[in-house]
Amino acid sequence: MRIVLAARAPIFLQTLLMAATTQPEPLDSARGFDLAGFLKTRTERVNRALNRFLPKATTKPQTIHRAMRYSLFAGGKRMRPALCLAAAQACGGRESDALPAACAVECIHTYSLIHDDLPAMDNDDFRRGKPTNHKVFGEGIAVLAGDGLLTLAFEIAARARATPRYPHARLILELARAAGSRQLVAGQVADLEGEGKSLSVPELRYIHQRKTSALLSCAVRLGGMSANCTPAQLEALTAFGRNVGLAFQVIDDILDVTQTSECLGKTAGKDTAARKATYPAIVGLGPSRRIARQLTERAFRALEMFPGEAQTLRALAAFLLHRQT
């Protein structure tokens with residue numbers, strides 16, 4: 001099969017297409033499923049929805065709305081929204097019903113990246129191949145842009161369609177818990193406090209479960225809720241999201257030491273320079289790859305109750321594992 005990559009195609013789509021010919025067989029076969037096409041169309045759909053939900057760049061005060069849009073439309077993979085939409089699909093729901101939740105999760109994800117990049121946190125100059133928000137707008141506006149996106153996420157979520165099992169209060173609670181001081185924020189705190197220290201694998205797992213896995217798991221849970229999923233389906237989606245989220249972060253740890261800044265779209269080697277605890281630093285590259293594969297296998301097992309409906313979730317999990325490592 002011959003694949004031609006458009007010169008201006010998004011980096012993550014180029015990586016996906018290259019993986020189709022250079023990577024080993026995925027853990028769960030997704031032959032015949034056009035994952036690149038799915039990601040392209042859903043990214044476009046999510047971007048259109050986000051554009052509608054956000055205040056226009058000309059809305060006063062213009063600076064904050066330009067800053068919010070700068071990071072939100074900086075070319076992200078929209079992987080969390082894609083997982084949210086795929087979870088709704090797996091439960092027999094409609095993507096249109098899951099779209100507000102997908103957009104809300106992406107707003108929270110982007111806010112967390114803006115704040116992570118600040119000098120007081122990870123102090124990074126590039127994100128998604130572009131200067132970070134504070135490099136363009138200054139630290140004060142970057143903080144406020146993150147605050148604006150976090151707040152907007154709940155406004156968007158409030159517009160989601162409630163279902164018999166999941167009223168609006170449940171959806172808002174789900175989002176708030178994932179983004180709060182015991183999950184996403186807790187992960188960042190533990191990450192900051194762990195710099196320069198010798199952490200154990202359980203301590204590192206605590207960071208990854210909260211800093212990365214919590215929001216990713218929230219995305220698939222909200223997707224299932226939008227489809228009025230059963231408690232058993234929600235439990236399965238939770239297990240899937242938790243394991244895929246951990247695998248995703250383990251792979252990120254690996255990529256930080258194996259890839260260039262150009263490939264990553266952000267500064268490579270930052271974790272090592274900051275003396276952060278990572279899986280490669282603690283257990284080595286080979287064992288880290290095995291851990292990521294084991295986590296993905298568990299994610300696949302969690303989807304066994306969705307016979308054919310979860311093909312998209314399986315394909316997304318396989319792609320996340322087989323990123324260039």
# chains A, B, ... in the order shown; residues from 1 in each chain; ligands from 1
>>> select_by_dssp(residues="stretch 134-310 of chain A", states="helix (DSSP H, G or I)", output="ChimeraX atom specification")
/A:134-137,139-157,168-179,184-194,201-226,231-258,261-264,270-273,279-283,285-302
>>> atom_distance(atom1="atom CA of A:Phe126", atom2="atom CA of A:Phe319")
24.1 Å
>>> select_by_dssp(residues="stretch 40-183 of chain A", states="strand (DSSP E or B)", output="PDB file with C-alpha atoms, in the first residue's frame")
ATOM      1  CA  PHE A 126       6.494  25.599  22.888  1.00  0.00           C
ATOM      2  CA  ARG A 127       3.237  23.682  22.758  1.00  0.00           C
ATOM      3  CA  LYS A 130       3.880  27.006  18.514  1.00  0.00           C
ATOM      4  CA  PRO A 131       5.040  29.449  21.200  1.00  0.00           C
TER       5      PRO A 131
END
>>> residues_around(residues="A:Asp147", least_positions_apart="5", cutoff="12 Å", atoms="only C-alpha atoms", output="PDB file with C-alpha atoms, in the first residue's frame")
ATOM      1  CA  ILE A  64      -8.507  37.345  26.622  1.00  0.00           C
ATOM      2  CA  HIS A  65     -10.677  35.873  23.891  1.00  0.00           C
ATOM      3  CA  ALA A  67      -5.629  34.186  24.007  1.00  0.00           C
ATOM      4  CA  MET A  68      -8.258  31.523  24.717  1.00  0.00           C
ATOM      5  CA  CYS A 107     -11.559  23.210  27.085  1.00  0.00           C
ATOM      6  CA  ILE A 108     -10.410  21.796  30.433  1.00  0.00           C
ATOM      7  CA  HIS A 109      -7.540  19.936  28.770  1.00  0.00           C
ATOM      8  CA  THR A 110      -6.359  23.104  27.013  1.00  0.00           C
ATOM      9  CA  TYR A 111      -6.634  25.183  30.185  1.00  0.00           C
ATOM     10  CA  SER A 112      -4.432  22.651  31.963  1.00  0.00           C
ATOM     11  CA  LEU A 113      -1.812  22.872  29.206  1.00  0.00           C
ATOM     12  CA  ILE A 114      -1.723  26.678  29.349  1.00  0.00           C
ATOM     13  CA  HIS A 115      -1.143  26.582  33.096  1.00  0.00           C
ATOM     14  CA  GLY A 140      -1.034  37.277  33.454  1.00  0.00           C
ATOM     15  CA  ILE A 141      -3.210  36.869  30.367  1.00  0.00           C
ATOM     16  CA  ALA A 142      -2.162  33.203  30.078  1.00  0.00           C
ATOM     17  CA  LEU A 152     -16.417  27.992  29.843  1.00  0.00           C
ATOM     18  CA  ALA A 153     -16.217  24.205  30.044  1.00  0.00           C
ATOM     19  CA  PHE A 154     -18.997  24.128  32.621  1.00  0.00           C
TER      20      PHE A 154
END
>>> atom_distance(atom1="atom CA of A:Ala160", atom2="atom CA of A:Leu72")
20.1 Å
>>> closest_atom_pairs(of="stretch 109-215 of chain A", to="stretch 220-235 of chain A", cutoff="9 Å", atoms="only C-alpha atoms", output="tab-separated table")
residue	atom	partner	partner_atom	distance
A:Ala160	CA	A:Ser226	CA	8.0
A:Arg161	CA	A:Ser226	CA	7.1
A:Ala162	CA	A:Ser226	CA	7.2
A:Thr163	CA	A:Asn228	CA	5.6
A:Pro164	CA	A:Asn228	CA	6.8
A:Arg165	CA	A:Asn228	CA	6.0
A:Tyr166	CA	A:Met225	CA	6.2
A:Leu171	CA	A:Leu222	CA	7.0
A:Glu174	CA	A:Leu222	CA	7.7
A:Leu175	CA	A:Leu222	CA	8.3
A:Leu215	CA	A:Val220	CA	9.0
>>> write_last_selection(atoms="N, CA and C atoms", output="PDB file, in the first residue's frame")
ATOM      1  N   ALA A 160     -25.534  20.438  27.547  1.00  0.00           N
ATOM      2  CA  ALA A 160     -25.681  19.048  27.101  1.00  0.00           C
ATOM      3  C   ALA A 160     -27.087  18.537  27.395  1.00  0.00           C
ATOM      4  N   ARG A 161     -27.529  17.585  26.616  1.00  0.00           N
ATOM      5  CA  ARG A 161     -28.855  17.005  26.810  1.00  0.00           C
ATOM      6  C   ARG A 161     -28.803  16.007  27.957  1.00  0.00           C
ATOM      7  N   ALA A 162     -29.666  16.203  28.937  1.00  0.00           N
ATOM      8  CA  ALA A 162     -29.757  15.247  30.045  1.00  0.00           C
ATOM      9  C   ALA A 162     -30.447  13.975  29.567  1.00  0.00           C
ATOM     10  N   THR A 163     -30.205  12.876  30.262  1.00  0.00           N
ATOM     11  CA  THR A 163     -30.850  11.599  29.939  1.00  0.00           C
ATOM     12  C   THR A 163     -31.530  11.080  31.210  1.00  0.00           C
ATOM     13  N   PRO A 164     -32.382  10.070  31.087  1.00  0.00           N
ATOM     14  CA  PRO A 164     -33.071   9.553  32.286  1.00  0.00           C
ATOM     15  C   PRO A 164     -32.133   9.158  33.418  1.00  0.00           C
ATOM     16  N   ARG A 165     -31.013   8.530  33.101  1.00  0.00           N
ATOM     17  CA  ARG A 165     -30.086   8.094  34.150  1.00  0.00           C
ATOM     18  C   ARG A 165     -29.135   9.204  34.588  1.00  0.00           C
ATOM     19  N   TYR A 166     -28.912  10.195  33.729  1.00  0.00           N
ATOM     20  CA  TYR A 166     -27.868  11.180  33.998  1.00  0.00           C
ATOM     21  C   TYR A 166     -28.399  12.598  33.792  1.00  0.00           C
ATOM     22  N   LEU A 171     -23.831  15.302  35.222  1.00  0.00           N
ATOM     23  CA  LEU A 171     -22.824  15.624  34.204  1.00  0.00           C
ATOM     24  C   LEU A 171     -21.850  16.674  34.732  1.00  0.00           C
ATOM     25  N   GLU A 174     -19.571  15.174  37.363  1.00  0.00           N
ATOM     26  CA  GLU A 174     -18.550  14.339  36.719  1.00  0.00           C
ATOM     27  C   GLU A 174     -17.371  15.183  36.258  1.00  0.00           C
ATOM     28  N   LEU A 175     -17.664  16.278  35.596  1.00  0.00           N
ATOM     29  CA  LEU A 175     -16.631  17.154  35.062  1.00  0.00           C
ATOM     30  C   LEU A 175     -15.861  17.839  36.192  1.00  0.00           C
ATOM     31  N   LEU A 215      -8.962  12.853  33.395  1.00  0.00           N
ATOM     32  CA  LEU A 215      -9.729  13.607  32.402  1.00  0.00           C
ATOM     33  C   LEU A 215     -10.053  12.752  31.187  1.00  0.00           C
TER      34      LEU A 215
END
>>> atom_distance(atom1="atom CA of A:Gly93", atom2="atom CA of A:Gly308")
14.1 Å
>>> closest_residue(among="A:Ser181, A:Ala236, A:Arg205, A:Glu44", to="A:Met305", atoms="only C-alpha atoms")
A:Ala236
>>> residues_around(residues="stretch 190-198 of chain A", least_positions_apart="3", cutoff="9 Å", atoms="only C-alpha atoms", output="list in words")
Met121, Asp122, Val185, Ala186, Gly187, Glu203, Leu204, Tyr206, Ile207, His208, Lys211, Ala274, Arg275, Lys276, Ala277 and Ile282 of chain A
>>> write_last_selection(atoms="C-alpha atoms", output="tab-separated table (two decimals), in the first residue's frame")
chain	number	residue	atom	x	y	z
A	121	MET	CA	5.01	25.22	36.57
A	122	ASP	CA	6.80	23.39	33.72
A	185	VAL	CA	-5.14	19.41	40.11
A	186	ALA	CA	-3.90	16.75	42.53
A	187	GLY	CA	-1.81	15.20	39.76
A	203	GLU	CA	3.80	7.29	43.57
A	204	LEU	CA	4.36	7.91	39.86
A	206	TYR	CA	-0.71	8.32	41.42
A	207	ILE	CA	0.49	11.32	39.40
A	208	HIS	CA	-0.40	9.76	36.04
A	211	LYS	CA	-2.83	14.34	35.80
A	274	ALA	CA	13.54	19.06	35.42
A	275	ARG	CA	14.47	15.78	37.15
A	276	LYS	CA	10.89	14.60	36.95
A	277	ALA	CA	10.04	11.02	37.79
A	282	ILE	CA	12.39	4.46	37.11
>>> closest_residue(among="A:Leu237, A:Asp97, A:Lys135, A:Arg323", to="A:Gln249", atoms="only C-alpha atoms")
A:Arg323
>>> residues_around(residues="A:Ala299", least_positions_apart="6", cutoff="10 Å", atoms="only C-alpha atoms", output="NGL selection string")
:A and (236-245 or 247 or 293 or 313-314 or 317-318)
>>> residues_around(residues="A:Arg177", least_positions_apart="6", cutoff="10 Å", atoms="only C-alpha atoms", output="count of residues only")
5
>>> closest_residue(among="A:Ala101, A:Ser71, A:Arg45, A:Thr212", to="A:Ala87", atoms="only C-alpha atoms")
A:Ala101
>>> closest_residue(among="A:Glu95, A:Glu106, A:Glu309, A:Glu304", to="A:Leu149", atoms="only C-alpha atoms")
A:Glu106
